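Q: This structure is in structure tokens; I'll ask about it shortly.
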Amino acid sequence: MEHKMVDSSEEEDRELPPEIWRLVCDCLVPKQLGRLARTSRDVRTAVRGSPAFRQLLRCDGVWEDVHERSILGVAVTGDSIVTASEDHTLRILAATDGSCRAILEGHMNRVRCVCIMPDGRIVSGSRDGTLIVWARDGSHLRTLEEGPTDYVWCVAALSEDRVVSGCRGGRIYLWDVNSGREIEMFGAGSAVRCFAALPDGTLIADGGEGRLNVFDVAQGKHGNIIQSRCHTGPHEGSITSVAVPFESVVVAGRGNGSLSLWDLNADEDLIDIDDIDNVFTTRGHDAAVWALASLPNKRFLAADGDGVLKIWRADLALVPEALRSQRFPDIDSDYSGSDYSAFYSGPFPLTCLQTLRGHARAAFCLAALPDGRIVSGSMDRTLRFWAPVGTQIDRERDAPSRVS
């Protein structure tokens with residue numbers, strides 16, 4: 001009688017419950033997860049169902065030579081991607097194949113930022129000190145003449161008819177895009193490189209020298225300031241990007257490649273504001289972090305000056321409990337170290353899940369697409385698309401090609 005040979009490893013795969021495989025996956029690096037995902041069917045099923053695997057991204061396409069010079073800003077509206085460039089123009093591209101629907105000309109210097117209004121109108125900010133409002137098809141609507149007379153660093157939509165802009169001169173402007181009227185101006189004290197606008201009218205903005213300023217834009221008045229001590233010096237540690245990945249948690253990228261976390265709802269009696277920087281700051285990148293984008297499951301994506309993207313997970317759940325049982329020593333202003341492990345032995349709230357490479361030069365901007373992908377723009381004039389690994393494997397299709 002012939003006996004059928006049975007692969008004992010496959011039998012073991014079937015016997016292991018999915019919970020065990022998920023625990024294994026949580027301990028593996030992306031390359032190891034990738035190898036497991038290509039093995040036996042049972043292992044593939046378990047790995048692909050693991051939270052660790054589905055938190056990874058893979059390159060899902062590259063569009064080259066999108067502009068003649070660096071891509072400095074990117075935004076998404078419906079089935080279109082809008083890019084802002086150092087070549088003084090913006091382009092509206094079809095999200096499906098990259099075909100150019102319109103070239104927006106009007107700025108006299110590099111276009112540093114772009115945002116989309118709820119109704120689809122486009123607002124761009126430039127080094128020429130102006131904001132331009134464009135229709136959905138790219139036609140020029142109006143130029144916001146008065147207000148910023150300096151480099152416009154950032155712009156964001158607040159409501160159906162209001163945008164906020166920040167400039168190098170240390171001012172933040174609130175605009176009515178229908179009339180072009182300046183509604184309010186806030187003094188930030190230093191160059192405003194970045195900010196994050198929340199639905200409730202809160203604006204979290206770069207305040208210079210490592211600070212974050214919180215403005216109540218809805219009420220048109222200045223809010224409270226969150227201080228962040230900058231141990232590496234005001235220039236190296238300056239804030240270059242900011243985002244709110246979930247709830248009240250704010251993440252800031254810095255010029256020295258570090259990342260900082262704040263919990264805006266933290267009890268100040270429990271956690272000293274200065275101590276927050278000591279505990280929640282890590283040197284996660286080797287170059288300035290120029291852009292941040294929120295991802296599901298308390299994660300965010302950071303893009304830096306080397307063209308490297310990293311996925312980070314933020315978890316503040318255990319840190320307040322740890323801080324209840326220990327206090328930080330006083331650190332004088334001359335202290336320049338960055339390793340606080342001698343003072344804090346609790347869990348660290350920032351974990352790097354994956355490093356993504358592909359851009360040849362600095363990556364300046366990130367945006368999320370409706371289908372769950374992320375698009376990044378770079379000084380190398382390319383757009384790169386990053387898709388969740390599980391969904392990309394499941395749909396088994398080639399990366400999208402760009403129509404010139």
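Residues are named by chain letter and number: chains run A, B, ... in the order of the structure tokens, numbers start at 1 in each chain, and ligands are numbered from 1 in the order shown.
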Residues at most 6 Å from A:His88, counting only C-alpha atoms, excluding those fewer than 3 positions away in the same chain, as a short mmCIF file (atom, residue, chain, number, x, y, z; two decimals) with N, CA and C atoms, in the first residue's frame?

A:
```cif
data_model
loop_
_atom_site.label_atom_id
_atom_site.label_comp_id
_atom_site.auth_asym_id
_atom_site.auth_seq_id
_atom_site.Cartn_x
_atom_site.Cartn_y
_atom_site.Cartn_z
N SER A 85 4.52 73.41 -7.20
CA SER A 85 5.92 73.18 -7.56
C SER A 85 6.78 74.44 -7.46
N HIS A 107 1.32 82.49 -10.21
CA HIS A 107 2.30 82.87 -9.20
C HIS A 107 3.61 83.29 -9.86
N ASN A 109 6.58 83.18 -8.15
CA ASN A 109 7.68 82.49 -7.48
C ASN A 109 7.20 81.09 -7.13
N ARG A 110 8.06 80.31 -6.46
CA ARG A 110 7.71 78.91 -6.16
C ARG A 110 6.41 78.82 -5.38
N VAL A 111 5.62 77.80 -5.69
CA VAL A 111 4.35 77.56 -5.00
C VAL A 111 4.63 76.56 -3.89
#
```

Q: Find the residues near stretch 150-161 of chain A: any atom within 8 Å, counting only C-alpha atoms, skip ones fewer than 4 places away on the same chain, and give them as a PyMOL selection string.

A: chain A and resi 112-119+123-131+165-169+176-178+192-199+201

Q: Could you list, as number ranges by chain, every residue within 7 Å of A:Leu56, counting only C-alpha atoms and ignoring same-chain residues fewer than 4 positions away?

A: A: 354, 388-389

Q: Can you write out the residues you just picked, keeping N, CA, C and O atoms, as a short mmCIF file (atom, residue, chain, number, x, y, z; two decimals), in the first residue's frame?

A:
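The resulting result21.cif:
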```cif
data_model
loop_
_atom_site.label_atom_id
_atom_site.label_comp_id
_atom_site.auth_asym_id
_atom_site.auth_seq_id
_atom_site.Cartn_x
_atom_site.Cartn_y
_atom_site.Cartn_z
N GLN A 354 7.86 50.71 9.99
CA GLN A 354 8.38 50.41 8.64
C GLN A 354 9.11 51.62 8.08
O GLN A 354 8.76 52.77 8.36
N PRO A 388 -1.69 50.02 1.26
CA PRO A 388 -1.62 48.97 2.28
C PRO A 388 -1.25 47.64 1.65
O PRO A 388 -1.81 47.25 0.62
N VAL A 389 -0.31 46.94 2.24
CA VAL A 389 0.21 45.70 1.66
C VAL A 389 -0.89 44.69 1.42
O VAL A 389 -1.00 44.10 0.35
#
```

Q: Here is a test: counting only C-alpha atoms, which residue of A:His140, A:Gly253, A:Thr202, A:Gly358 is nearest to A:Trp312?

A: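 Among A:His140, A:Gly253, A:Thr202, A:Gly358, it is A:Gly253 that comes nearest to A:Trp312.
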
Q: Please report, as a VMD selection string, each residue of stretch 52-196 of chain A to which DSSP assigns strand (DSSP E or B) when run on this structure's backbone.

A: chain A and resid 57 to 63 71 to 77 80 to 85 89 to 94 100 to 105 111 to 116 122 to 126 131 to 134 140 to 144 152 to 157 162 to 167 171 to 176 181 to 187 195 to 196

Q: At what distance in Å, to one decimal, does atom CA of A:Glu86 lie from atom CA of A:Leu295?

A: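 So the answer is 27.6 Å.
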
Q: Mind pulling up the distance from atom CA of A:Leu309 to atom CA of A:Leu356?

A: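 Between atom CA of A:Leu356 and atom CA of A:Leu309 the gap works out to 4.9 Å.
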
Q: Between A:Leu261, A:Leu203, A:Cys59, A:Ala302, which residue has the minimum interatomic distance to A:Leu353, considering only C-alpha atoms?

A: A:Ala302

Q: Can you pull out every residue within 7 Å of A:Phe186, counting only C-alpha atoms, but drop anything in the same chain fewer than 3 positions away, and send it as a list in words?

A: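 Final neighbour list, sorted by chain and number: Arg171, Ile172 and Tyr173 of chain A.
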
Q: For A:Arg357, list every protein, DNA or RNA residue within 10 Å, evaluated using only C-alpha atoms, and leave out those in the same chain fewer than 3 positions away; present the list as a PyMOL selection string.

A: chain A and resi 58-59+306-310+360

Q: If you count only C-alpha atoms, which residues fall within 9 Å of stretch 365-376 of chain A, apart from same-chain ones fewer than 4 positions away, as a PyMOL selection string?

A: chain A and resi 57+60+71-79+81+95+113+290-295+301-303+309+359+382-388

Q: Nearest to A:Trp262 among A:Ala314, A:Val289, A:Ile92, A:Val217, with distances taken over only C-alpha atoms: which residue is it?

A: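 Using only C-alpha atoms, the shortest distance to A:Trp262 belongs to A:Ala314.
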
Q: List as a list in words the protein and nucleic acid residues near A:Lys298, meaning an atom at most 7 Å away when only C-alpha atoms are counted, but skip any in the same chain fewer than 2 places from it.

A: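 Answer for this query is Pro245, Phe246, Leu295, Pro296, Phe300, Arg313 and Ala314 of chain A.
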
Q: Return the single residue from A:Asn297, A:Arg121, A:Ser139, A:Arg69 that is closest to A:Ile103, with distances computed using only C-alpha atoms.

A: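 Selected residue with least distance to A:Ile103: A:Ser139.
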
Q: Could you check how far atom CA of A:Ser190 sits from atom CA of A:Glu209, in Å to one decimal?

A: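 Spanning atom CA of A:Ser190 to atom CA of A:Glu209 is a straight-line distance of 8.1 Å.
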